[in-house]
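Visitor: Next comes model-v6.cif, mmCIF, C-alpha atoms:
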data_input
#
loop_
_atom_site.label_atom_id
_atom_site.label_comp_id
_atom_site.auth_asym_id
_atom_site.auth_seq_id
_atom_site.Cartn_x
_atom_site.Cartn_y
_atom_site.Cartn_z
CA MET A 2 0.00 0.00 0.00
CA GLU A 3 1.37 3.40 -0.90
CA ILE A 4 0.36 6.97 -0.20
CA THR A 5 1.84 10.26 -1.32
CA ILE A 6 1.10 13.46 0.56
CA GLY A 7 2.10 17.09 0.25
CA ASN A 8 4.46 18.73 2.75
CA ARG A 9 1.72 20.03 5.04
CA LEU A 10 1.15 18.80 8.60
CA GLU A 11 -2.60 18.33 8.04
CA GLU A 12 -1.85 15.69 5.45
CA ILE A 13 -0.24 13.37 8.00
CA ALA A 14 -3.77 12.29 8.96
CA LYS A 15 -4.04 10.62 5.54
CA VAL A 16 -0.95 8.58 6.33
CA ALA A 17 -2.37 7.58 9.71
CA ARG A 18 -5.61 6.43 8.07
CA THR A 19 -3.64 4.42 5.50
CA VAL A 20 -1.72 2.69 8.30
CA GLU A 21 -5.00 1.83 10.01
CA ARG A 22 -6.47 0.46 6.79
CA PHE A 23 -3.37 -1.62 6.11
CA ALA A 24 -3.41 -2.98 9.67
CA ARG A 25 -7.08 -3.96 9.39
CA ARG A 26 -6.56 -5.68 6.08
CA HIS A 27 -3.64 -7.71 7.42
CA ARG A 28 -5.05 -8.09 10.93
CA LEU A 29 -2.06 -6.50 12.56
CA PRO A 30 -2.28 -5.88 16.31
CA ALA A 31 -2.91 -2.46 17.88
CA SER A 32 0.70 -2.38 19.10
CA VAL A 33 1.87 -2.31 15.47
CA VAL A 34 -0.52 0.51 14.55
CA HIS A 35 0.82 2.37 17.57
CA ALA A 36 4.49 1.85 16.68
CA VAL A 37 4.11 2.63 12.99
CA GLY A 38 1.70 5.54 13.57
CA VAL A 39 3.96 7.29 16.07
CA SER A 40 7.10 6.65 14.00
CA LEU A 41 5.59 8.01 10.79
CA ASP A 42 4.26 11.06 12.60
CA GLU A 43 7.73 11.77 14.00
CA LEU A 44 9.58 11.26 10.70
CA ILE A 45 7.14 13.11 8.46
CA SER A 46 6.64 16.07 10.79
CA ASN A 47 10.46 16.40 10.90
CA VAL A 48 10.66 16.41 7.11
CA ILE A 49 7.90 19.02 6.85
CA ALA A 50 9.46 21.24 9.53
CA TYR A 51 13.12 21.05 8.48
CA GLY A 52 13.35 19.43 5.07
CA TYR A 53 12.47 22.27 2.75
CA ARG A 54 14.16 25.58 2.11
CA ASP A 55 11.64 26.84 -0.44
CA ARG A 56 7.92 27.45 -0.34
CA ARG A 57 7.08 25.08 -3.14
CA ARG A 58 4.88 22.07 -2.75
CA HIS A 59 6.72 18.81 -2.23
CA ARG A 60 5.75 15.19 -2.07
CA ILE A 61 6.40 12.66 0.65
CA THR A 62 5.72 9.02 -0.12
CA VAL A 63 5.06 6.24 2.38
CA ARG A 64 5.06 2.60 1.32
CA LEU A 65 3.84 -0.23 3.55
CA SER A 66 4.51 -3.86 2.74
CA LEU A 67 4.75 -7.19 4.48
CA ALA A 68 7.93 -9.22 4.13
CA ALA A 69 7.48 -11.94 6.72
CA PRO A 70 8.23 -11.72 9.54
CA ASP A 71 8.43 -7.94 9.11
CA LEU A 72 6.23 -5.04 8.25
CA VAL A 73 8.40 -2.78 6.09
CA VAL A 74 7.72 0.95 6.07
CA LEU A 75 9.53 3.16 3.60
CA VAL A 76 9.42 6.96 3.80
CA GLU A 77 10.80 8.92 0.88
CA ASP A 78 11.07 12.70 0.52
CA ASP A 79 12.82 15.20 -1.72
CA GLY A 80 13.95 17.44 1.13
CA VAL A 81 17.49 18.53 1.98
CA LEU A 82 19.86 15.79 3.10
CA PHE A 83 18.76 14.80 6.56
CA ASP A 84 19.75 11.63 8.38
CA PRO A 85 17.43 11.37 11.39
CA LEU A 86 19.62 8.63 12.83
CA ALA A 87 22.60 10.97 13.03
CA GLN A 88 20.81 13.26 15.50
CA PRO A 89 21.97 13.32 19.13
CA PRO A 90 19.82 11.52 21.72
CA PRO A 91 17.32 13.67 23.66
CA GLU A 92 18.00 15.11 27.07
CA VAL A 93 15.52 13.48 29.37
CA ALA A 94 16.59 15.07 32.62
CA GLY A 95 15.18 18.08 34.41
CA SER A 96 11.93 19.21 35.96
CA LEU A 97 8.70 20.07 34.19
CA HIS A 98 9.98 23.59 33.69
CA GLU A 99 13.45 22.66 32.49
CA ARG A 100 12.66 19.94 30.01
CA ARG A 101 13.66 20.42 26.39
CA GLN A 102 12.13 18.28 23.70
CA GLY A 103 14.71 17.98 20.91
CA GLY A 104 15.39 14.50 19.63
CA LEU A 105 12.55 12.83 21.49
CA GLY A 106 10.65 11.91 18.34
CA ILE A 107 13.59 10.09 16.80
CA ALA A 108 14.25 8.31 20.10
CA PHE A 109 10.63 7.07 19.94
CA VAL A 110 11.19 5.79 16.39
CA ARG A 111 14.34 3.90 17.39
CA ALA A 112 12.61 2.34 20.38
CA LEU A 113 9.37 1.39 18.65
CA MET A 114 10.88 -0.09 15.50
CA ASP A 115 13.05 -3.19 15.22
CA GLU A 116 15.24 -1.70 12.50
CA VAL A 117 15.67 1.79 11.05
CA ARG A 118 17.94 2.62 8.14
CA TYR A 119 18.65 5.83 6.31
CA ARG A 120 20.04 6.35 2.84
CA ARG A 121 20.36 9.24 0.45
CA VAL A 122 19.38 8.20 -3.06
CA GLY A 123 20.06 10.93 -5.60
CA GLU A 124 18.11 13.96 -4.40
CA ARG A 125 15.93 11.96 -2.03
CA ASN A 126 16.01 10.82 1.58
CA GLN A 127 14.85 7.29 2.26
CA VAL A 128 14.13 5.90 5.68
CA GLU A 129 13.31 2.22 5.87
CA MET A 130 11.82 0.89 9.07
CA ARG A 131 11.03 -2.68 9.98
CA LYS A 132 8.66 -3.90 12.63
CA ARG A 133 8.37 -7.57 13.47
CA VAL A 134 4.80 -8.78 13.23
CA SER A 135 4.89 -12.24 14.77
CA SER A 136 2.52 -14.15 12.47
CA PRO A 137 1.00 -12.00 9.76
CA ALA A 138 -2.42 -13.29 8.77
CA GLU A 139 -3.52 -13.62 5.16
CA PRO A 140 -5.62 -10.75 3.83
CA SER A 141 -9.30 -11.36 4.42
CA MET B 29 -8.78 13.35 17.89
CA GLU B 30 -11.82 14.22 19.97
CA MET B 31 -12.03 15.59 23.47
CA PHE B 32 -14.89 15.01 25.88
CA GLU B 33 -15.14 17.08 29.02
CA THR B 34 -16.96 16.39 32.26
CA ARG B 35 -16.85 18.21 35.54
CA SER B 36 -16.38 16.66 38.96
CA GLY B 37 -16.46 19.40 41.62
CA PRO B 38 -13.55 21.76 40.93
CA VAL B 39 -11.95 19.31 38.52
CA ILE B 40 -12.49 18.99 34.79
CA ILE B 41 -11.93 15.57 33.30
CA ILE B 42 -10.82 15.60 29.68
CA GLU B 43 -11.09 12.36 27.82
CA ALA B 44 -9.07 12.31 24.62
CA ARG B 45 -9.86 9.82 21.87
CA GLY B 46 -7.97 9.01 18.71
CA ARG B 47 -4.51 10.20 17.74
CA ILE B 48 -2.60 12.91 19.54
CA ASP B 49 0.00 13.63 16.87
CA SER B 50 1.69 16.54 15.12
CA THR B 51 -1.63 17.46 13.46
CA THR B 52 -3.92 17.32 16.50
CA ALA B 53 -1.53 18.20 19.35
CA THR B 54 -2.05 21.92 18.82
CA THR B 55 -5.82 21.67 19.35
CA PHE B 56 -5.29 19.33 22.28
CA GLY B 57 -2.74 21.61 23.98
CA ALA B 58 -4.69 24.78 23.22
CA ARG B 59 -7.82 23.41 24.89
CA LEU B 60 -5.91 22.41 28.04
CA THR B 61 -4.25 25.82 28.26
CA GLU B 62 -7.57 27.54 27.59
CA LEU B 63 -9.23 25.70 30.49
CA ILE B 64 -6.34 26.48 32.81
CA GLU B 65 -6.38 30.16 31.89
CA ALA B 66 -10.17 30.36 32.14
CA GLY B 67 -9.84 29.60 35.85
CA CYS B 68 -10.11 25.80 35.80
CA PRO B 69 -6.53 24.80 36.48
CA ARG B 70 -7.41 21.42 37.99
CA LEU B 71 -7.48 18.95 35.15
CA VAL B 72 -7.51 15.21 34.78
CA VAL B 73 -6.56 14.04 31.30
CA ASP B 74 -7.73 10.51 30.60
CA LEU B 75 -5.61 8.85 27.92
CA SER B 76 -7.17 5.37 28.03
CA ASP B 77 -8.93 5.74 24.66
CA ILE B 78 -6.18 7.26 22.57
CA VAL B 79 -4.73 5.31 19.66
CA TYR B 80 -1.35 6.89 20.26
CA ILE B 81 0.48 10.02 21.37
CA SER B 82 3.61 11.21 19.58
CA SER B 83 6.27 13.66 20.77
CA ALA B 84 4.11 16.62 19.66
CA GLY B 85 1.47 15.45 22.16
CA PHE B 86 4.05 15.19 24.92
CA ARG B 87 5.14 18.73 24.13
CA ALA B 88 1.52 19.89 24.54
CA LEU B 89 1.27 18.08 27.88
CA LEU B 90 4.53 19.68 29.08
CA VAL B 91 3.32 23.16 28.17
CA ALA B 92 -0.07 22.61 29.85
CA GLY B 93 1.60 21.07 32.91
CA ARG B 94 3.86 24.11 33.30
CA ARG B 95 0.95 26.49 32.88
CA ALA B 96 -1.09 24.63 35.51
CA ASP B 97 1.89 24.77 37.87
CA GLU B 98 2.27 28.50 37.40
CA VAL B 99 -1.28 29.18 38.50
CA ASP B 100 -1.19 26.70 41.38
CA GLY B 101 -3.34 24.24 39.52
CA ARG B 102 -2.77 20.61 38.77
CA LEU B 103 -2.57 18.54 35.64
CA VAL B 104 -3.14 14.89 36.43
CA LEU B 105 -3.05 12.04 33.92
CA CYS B 106 -4.78 8.68 33.98
CA GLY B 107 -5.21 5.82 31.55
CA VAL B 108 -1.48 5.68 30.89
CA ALA B 109 -1.07 2.02 30.01
CA GLY B 110 0.47 -0.40 27.54
CA GLU B 111 2.25 1.12 24.57
CA VAL B 112 1.43 4.67 25.67
CA ARG B 113 3.08 4.02 29.01
CA ARG B 114 6.17 2.76 27.23
CA LEU B 115 6.61 6.16 25.59
CA PHE B 116 6.12 7.90 28.93
CA GLU B 117 8.91 5.74 30.34
CA LEU B 118 11.16 6.24 27.34
CA GLY B 119 10.88 10.01 27.50
CA ALA B 120 11.26 9.95 31.31
CA PHE B 121 7.85 11.57 31.72
CA ILE B 122 6.63 9.20 34.41
CA ASP B 123 8.08 11.26 37.26
CA LEU B 124 7.33 14.56 35.56
CA PHE B 125 3.55 14.19 35.65
CA ALA B 126 1.14 13.09 38.31
CA ILE B 127 -0.13 9.80 36.89
CA CYS B 128 -3.04 8.03 38.55
CA ALA B 129 -4.39 4.54 38.02
CA SER B 130 -8.02 5.61 37.58
CA ARG B 131 -10.13 8.66 36.84
CA GLU B 132 -11.50 8.68 40.39
CA GLU B 133 -8.01 8.63 41.83
CA GLY B 134 -7.04 11.38 39.40
CA VAL B 135 -9.95 13.57 40.50
CA ALA B 136 -9.04 13.04 44.16
CA HIS B 137 -5.43 13.93 43.40
CA ALA B 138 -6.33 17.06 41.43
CA SER B 139 -8.88 18.35 43.97
#
Represent the structure from my file as structure tokens, please.

Guide:
Amino acid sequence: MEITIGNRLEEIAKVARTVERFARRHRLPASVVHAVGVSLDELISNVIAYGYRDRRRHRITVRLSLAAPDLVVLVEDDGVLFDPLAQPPPEVAGSLHERRQGGLGIAFVRALMDEVRYRRVGERNQVEMRKRVSSPAEPS
Amino acid sequence: MEMFETRSGPVIIIEARGRIDSTTATTFGARLTELIEAGCPRLVVDLSDIVYISSAGFRALLVAGRRADEVDGRLVLCGVAGEVRRLFELGAFIDLFAICASREEGVAHAS
């Protein structure tokens, strides 16, 4: 299943709905919807916020596929070179008033997914994530 | 994301449903801050029916928590379980927020 959205935050909802549809079709557990939903929100919102230096409309593509025992999620964008995995870990110390939030989203992605890889292909960023789905059921 | 509000004495219980993500976190956070600034700084946010919360949602909770603190109010959370709880642990938010096991306990804590 594949979806392409524009670089606007509101469009992330379309991705979330696609993930839910894919999960229903393949009877994936709620924990997978949770992991993939959060991870895609983190990655795509990063791309939208930091990936573009112009005001033009850009496209971000998400591809979901099953390659037993994994669910494979590919995110591709034409933003500036950005390796989310090269970012420093978040600071998680400090009181309610001192806490800073940088890097938290990527830390969530790393923790929720079993594998995350980044590569730059031509003018595009590609992030491939894998999530183990114990025994994927056949489509109904 | 939808928010349902009920009142229990001085406390407002906000039940969030759906996704608290980079698209909906602004609305979510704005409503919490609005309630706090409108003189209802004692809030219980019930997260048991959310599909997930991403870092944008945590940011909204942090901002609302700070605001509640500043006006001597209280932001209490309940329904933090399973996968959602895992993210709270990962981001070291467990000790940052008052987290109660049930709504009733949350109301008692916020009162």

Visitor: Return the single residue from A:Ala87, A:Leu41, A:Leu82, A:Ile4 that is closest to chain B, with distances computed using all atoms listed in the file.

Guide: A:Leu41

Visitor: Between chain A and chain B, at 12 Å or less, what are the per-residue closest atom pairs and their distances in Å? Count only C-alpha atoms, order by chain and rising residue number, and return it as a tab-separated table.

Guide:
residue	atom	partner	partner_atom	distance
A:Arg9	CA	B:Thr51	CA	9.4
A:Leu10	CA	B:Thr51	CA	5.8
A:Glu11	CA	B:Thr51	CA	5.6
A:Glu12	CA	B:Thr51	CA	8.2
A:Ile13	CA	B:Thr51	CA	7.0
A:Ala14	CA	B:Thr51	CA	7.2
A:Lys15	CA	B:Thr51	CA	10.7
A:Val16	CA	B:Thr51	CA	11.4
A:Ala17	CA	B:Arg47	CA	8.7
A:Arg18	CA	B:Arg47	CA	10.4
A:Glu21	CA	B:Val79	CA	10.3
A:Pro30	CA	B:Glu111	CA	11.7
A:Ala31	CA	B:Val79	CA	8.2
A:Ser32	CA	B:Glu111	CA	6.7
A:Val33	CA	B:Glu111	CA	9.7
A:Val34	CA	B:Val79	CA	8.2
A:His35	CA	B:Tyr80	CA	5.7
A:Ala36	CA	B:Glu111	CA	8.2
A:Val37	CA	B:Tyr80	CA	10.0
A:Gly38	CA	B:Tyr80	CA	7.5
A:Val39	CA	B:Ser82	CA	5.3
A:Ser40	CA	B:Ser82	CA	8.0
A:Leu41	CA	B:Ser82	CA	9.6
A:Asp42	CA	B:Asp49	CA	6.6
A:Glu43	CA	B:Ser82	CA	7.0
A:Leu44	CA	B:Ser50	CA	10.5
A:Ile45	CA	B:Ser50	CA	9.3
A:Ser46	CA	B:Ser50	CA	6.6
A:Asn47	CA	B:Ser50	CA	9.7
A:Ile49	CA	B:Ser50	CA	10.6
A:Ala50	CA	B:Ser50	CA	10.7
A:Pro90	CA	B:Gly119	CA	10.8
A:Pro91	CA	B:Gly119	CA	8.3
A:Glu92	CA	B:Gly119	CA	8.8
A:Val93	CA	B:Ala120	CA	5.9
A:Ala94	CA	B:Ala120	CA	7.5
A:Gly95	CA	B:Leu124	CA	8.7
A:Ser96	CA	B:Leu124	CA	6.6
A:Leu97	CA	B:Leu124	CA	5.8
A:His98	CA	B:Arg94	CA	6.2
A:Glu99	CA	B:Arg94	CA	9.7
A:Arg100	CA	B:Leu90	CA	8.2
A:Arg101	CA	B:Arg87	CA	9.0
A:Gln102	CA	B:Arg87	CA	7.0
A:Gly103	CA	B:Ser83	CA	9.5
A:Gly104	CA	B:Ser83	CA	9.2
A:Leu105	CA	B:Ser83	CA	6.4
A:Gly106	CA	B:Ser83	CA	5.3
A:Ile107	CA	B:Ser83	CA	9.1
A:Ala108	CA	B:Leu118	CA	8.1
A:Phe109	CA	B:Leu115	CA	7.0
A:Val110	CA	B:Ser82	CA	9.8
A:Arg111	CA	B:Leu118	CA	10.7
A:Ala112	CA	B:Leu118	CA	8.1
A:Leu113	CA	B:Leu115	CA	8.9

Visitor: One number please: atom CA of B:Thr54 to atom CA of B:Gly85, in Å, one decimal.

Guide: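 Those two atoms sit 8.1 Å apart.
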
Visitor: Can you work out the spacing between atom CA of A:Val73 and atom CA of A:Gln88 in Å, to one decimal?

Guide: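 Calculated distance between atom CA of A:Val73 and atom CA of A:Gln88 is 22.4 Å.
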
Visitor: Box for stretch 77-96 of chain A - axis-aligned, 8 Å on each of the six sides, all listed atoms - centre and size in Å to one decimal, as AutoDock Vina command-line options.

Guide:
--center_x 16.7 --center_y 13.9 --center_z 17.1 --size_x 27.8 --size_y 26.6 --size_z 53.7

Visitor: Could you list, as a compact mmCIF listing (two decimals) with C-alpha atoms, in the coordinates of the input, every residue matched by the PyMOL selection byres ((chain B and resi 33) around 9) in this structure?

Guide:
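Saved to expr.txt:
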# COMPACT_ATOMS: atom_id res chain seq x y z
CA MET B 31 -12.03 15.59 23.47
CA PHE B 32 -14.89 15.01 25.88
CA THR B 34 -16.96 16.39 32.26
CA ARG B 35 -16.85 18.21 35.54
CA ILE B 40 -12.49 18.99 34.79
CA ILE B 41 -11.93 15.57 33.30
CA ILE B 42 -10.82 15.60 29.68
CA GLU B 43 -11.09 12.36 27.82
CA ALA B 44 -9.07 12.31 24.62

Visitor: Quick check on the file I pasted: which residues fall under the PyMOL selection byres ((chain B and resi 38) around 10)? Write them as a PyMOL selection string.

Guide: chain B and resi 35-37+39-41+68-71+135+138-139

Visitor: Let me make sure I understand: among B:Met29, B:Ala53, B:Gly67, B:Leu60, which one has the smallest atom-to-atom distance to B:Val99 if we use only C-alpha atoms?

Guide: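 Of all the options, B:Gly67 lies closest to B:Val99.
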
Visitor: Return the single residue from B:Arg131, B:Gly46, B:Ala88, B:Gly101 that is closest to B:Glu65, with distances computed using only C-alpha atoms.

Guide: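 Going through B:Arg131, B:Gly46, B:Ala88, B:Gly101 one by one, the smallest distance to B:Glu65 is for B:Gly101.
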
Visitor: Please compute the atom CA of A:Arg58-atom CA of A:Thr5 distance, one decimal, in Å.

Guide: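 Atom-to-atom, atom CA of A:Arg58 and atom CA of A:Thr5 are spaced 12.3 Å apart.
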
Visitor: I want to know what sits within 8 Å of A:Met130, based on all atoms listed in the file, with residues of the same chain fewer than 2 positions away left out; could you give that as a PyMOL selection string?

Guide: chain A and resi 73-75+114-118+128+132

Visitor: Go ahead and dump the residues you just picked, C-alpha atoms, as a PDB file, keeping the file's coordinate frame.

Guide:
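Below you can see result00.pdb, which holds the result:
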ATOM      1  CA  VAL A  73       8.400  -2.780   6.090  1.00  0.00           C
ATOM      2  CA  VAL A  74       7.720   0.950   6.070  1.00  0.00           C
ATOM      3  CA  LEU A  75       9.530   3.160   3.600  1.00  0.00           C
ATOM      4  CA  MET A 114      10.880  -0.090  15.500  1.00  0.00           C
ATOM      5  CA  ASP A 115      13.050  -3.190  15.220  1.00  0.00           C
ATOM      6  CA  GLU A 116      15.240  -1.700  12.500  1.00  0.00           C
ATOM      7  CA  VAL A 117      15.670   1.790  11.050  1.00  0.00           C
ATOM      8  CA  ARG A 118      17.940   2.620   8.140  1.00  0.00           C
ATOM      9  CA  VAL A 128      14.130   5.900   5.680  1.00  0.00           C
ATOM     10  CA  LYS A 132       8.660  -3.900  12.630  1.00  0.00           C
TER      11      LYS A 132
END

Visitor: Which residues, written as a VMD selection string, have at least one atom at most 6 Å from A:Gly52, with all atoms listed in the file counted and residues fewer than 4 positions away on the same chain left out?

Guide: chain A and resid 48 80 to 81

Visitor: Taking 3 positions as the minimum chain separation for residues in the same chain, which residues sit within 8 Å of A:Arg60 when counting all atoms listed in the file? Answer as a PDB file with C-alpha atoms, in the coordinates of the input.

Guide:
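Resulting contents of around-v4.pdb:
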ATOM      1  CA  THR A   5       1.840  10.260  -1.320  1.00  0.00           C
ATOM      2  CA  ILE A   6       1.100  13.460   0.560  1.00  0.00           C
ATOM      3  CA  GLY A   7       2.100  17.090   0.250  1.00  0.00           C
ATOM      4  CA  ASN A   8       4.460  18.730   2.750  1.00  0.00           C
ATOM      5  CA  ASP A  78      11.070  12.700   0.520  1.00  0.00           C
ATOM      6  CA  ASP A  79      12.820  15.200  -1.720  1.00  0.00           C
TER       7      ASP A  79
END

Visitor: Pull out every residue that the PyMOL selection byres ((chain B and resi 105) around 10) matches in the shown coordinates and put them as a PyMOL selection string.

Guide: chain B and resi 41-42+71-76+89+102-104+106-108+125-131+133-135+137-138

Visitor: Name the closest residue to A:Thr62 among the candidates A:Arg26, A:Arg120, A:Arg125, A:Phe83; distances are taken between atoms, counting all atoms listed in the file.

Guide: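 Comparing A:Arg26, A:Arg120, A:Arg125, A:Phe83 against A:Thr62, the winner is A:Arg125.
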
Visitor: Because some atoms of stretch 26-39 of chain A are absent here, can you restore N, CA, C and O atoms and send them as a PDB file, keeping the file's coordinate frame?

Guide:
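Here's the written file result_21.pdb:
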ATOM      1  N   ARG A  26      -6.592  -4.717   7.170  1.00  0.00           N
ATOM      2  CA  ARG A  26      -6.560  -5.680   6.080  1.00  0.00           C
ATOM      3  C   ARG A  26      -5.686  -6.877   6.426  1.00  0.00           C
ATOM      4  O   ARG A  26      -5.982  -8.012   6.099  1.00  0.00           O
ATOM      5  N   HIS A  27      -4.571  -6.626   7.113  1.00  0.00           N
ATOM      6  CA  HIS A  27      -3.640  -7.710   7.420  1.00  0.00           C
ATOM      7  C   HIS A  27      -3.749  -8.182   8.865  1.00  0.00           C
ATOM      8  O   HIS A  27      -2.895  -8.917   9.342  1.00  0.00           O
ATOM      9  N   ARG A  28      -4.773  -7.708   9.524  1.00  0.00           N
ATOM     10  CA  ARG A  28      -5.050  -8.090  10.930  1.00  0.00           C
ATOM     11  C   ARG A  28      -3.825  -7.922  11.814  1.00  0.00           C
ATOM     12  O   ARG A  28      -3.438  -8.823  12.549  1.00  0.00           O
ATOM     13  N   LEU A  29      -3.223  -6.780  11.718  1.00  0.00           N
ATOM     14  CA  LEU A  29      -2.060  -6.500  12.560  1.00  0.00           C
ATOM     15  C   LEU A  29      -2.544  -5.970  13.907  1.00  0.00           C
ATOM     16  O   LEU A  29      -3.553  -5.270  13.974  1.00  0.00           O
ATOM     17  N   PRO A  30      -1.842  -6.297  14.974  1.00  0.00           N
ATOM     18  CA  PRO A  30      -2.280  -5.880  16.310  1.00  0.00           C
ATOM     19  C   PRO A  30      -2.163  -4.366  16.533  1.00  0.00           C
ATOM     20  O   PRO A  30      -1.423  -3.666  15.834  1.00  0.00           O
ATOM     21  N   ALA A  31      -2.901  -3.890  17.538  1.00  0.00           N
ATOM     22  CA  ALA A  31      -2.910  -2.460  17.880  1.00  0.00           C
ATOM     23  C   ALA A  31      -1.504  -1.950  18.177  1.00  0.00           C
ATOM     24  O   ALA A  31      -1.183  -0.792  17.887  1.00  0.00           O
ATOM     25  N   SER A  32      -0.659  -2.819  18.749  1.00  0.00           N
ATOM     26  CA  SER A  32       0.700  -2.380  19.100  1.00  0.00           C
ATOM     27  C   SER A  32       1.483  -1.986  17.841  1.00  0.00           C
ATOM     28  O   SER A  32       2.329  -1.094  17.880  1.00  0.00           O
ATOM     29  N   VAL A  33       1.183  -2.632  16.721  1.00  0.00           N
ATOM     30  CA  VAL A  33       1.870  -2.310  15.470  1.00  0.00           C
ATOM     31  C   VAL A  33       1.369  -0.972  14.918  1.00  0.00           C
ATOM     32  O   VAL A  33       2.158  -0.130  14.478  1.00  0.00           O
ATOM     33  N   VAL A  34       0.052  -0.768  14.984  1.00  0.00           N
ATOM     34  CA  VAL A  34      -0.520   0.510  14.550  1.00  0.00           C
ATOM     35  C   VAL A  34       0.092   1.639  15.385  1.00  0.00           C
ATOM     36  O   VAL A  34       0.456   2.701  14.869  1.00  0.00           O
ATOM     37  N   HIS A  35       0.240   1.387  16.663  1.00  0.00           N
ATOM     38  CA  HIS A  35       0.820   2.370  17.570  1.00  0.00           C
ATOM     39  C   HIS A  35       2.264   2.691  17.151  1.00  0.00           C
ATOM     40  O   HIS A  35       2.625   3.847  16.933  1.00  0.00           O
ATOM     41  N   ALA A  36       3.072   1.647  16.990  1.00  0.00           N
ATOM     42  CA  ALA A  36       4.490   1.850  16.680  1.00  0.00           C
ATOM     43  C   ALA A  36       4.675   2.544  15.342  1.00  0.00           C
ATOM     44  O   ALA A  36       5.452   3.509  15.222  1.00  0.00           O
ATOM     45  N   VAL A  37       3.954   2.078  14.335  1.00  0.00           N
ATOM     46  CA  VAL A  37       4.110   2.630  12.990  1.00  0.00           C
ATOM     47  C   VAL A  37       3.511   4.033  12.930  1.00  0.00           C
ATOM     48  O   VAL A  37       4.095   4.944  12.330  1.00  0.00           O
ATOM     49  N   GLY A  38       2.360   4.224  13.575  1.00  0.00           N
ATOM     50  CA  GLY A  38       1.700   5.540  13.570  1.00  0.00           C
ATOM     51  C   GLY A  38       2.574   6.609  14.209  1.00  0.00           C
ATOM     52  O   GLY A  38       2.786   7.680  13.630  1.00  0.00           O
ATOM     53  N   VAL A  39       3.106   6.312  15.385  1.00  0.00           N
ATOM     54  CA  VAL A  39       3.960   7.290  16.070  1.00  0.00           C
ATOM     55  C   VAL A  39       5.217   7.553  15.238  1.00  0.00           C
ATOM     56  O   VAL A  39       5.594   8.704  15.000  1.00  0.00           O
TER      57      VAL A  39
END
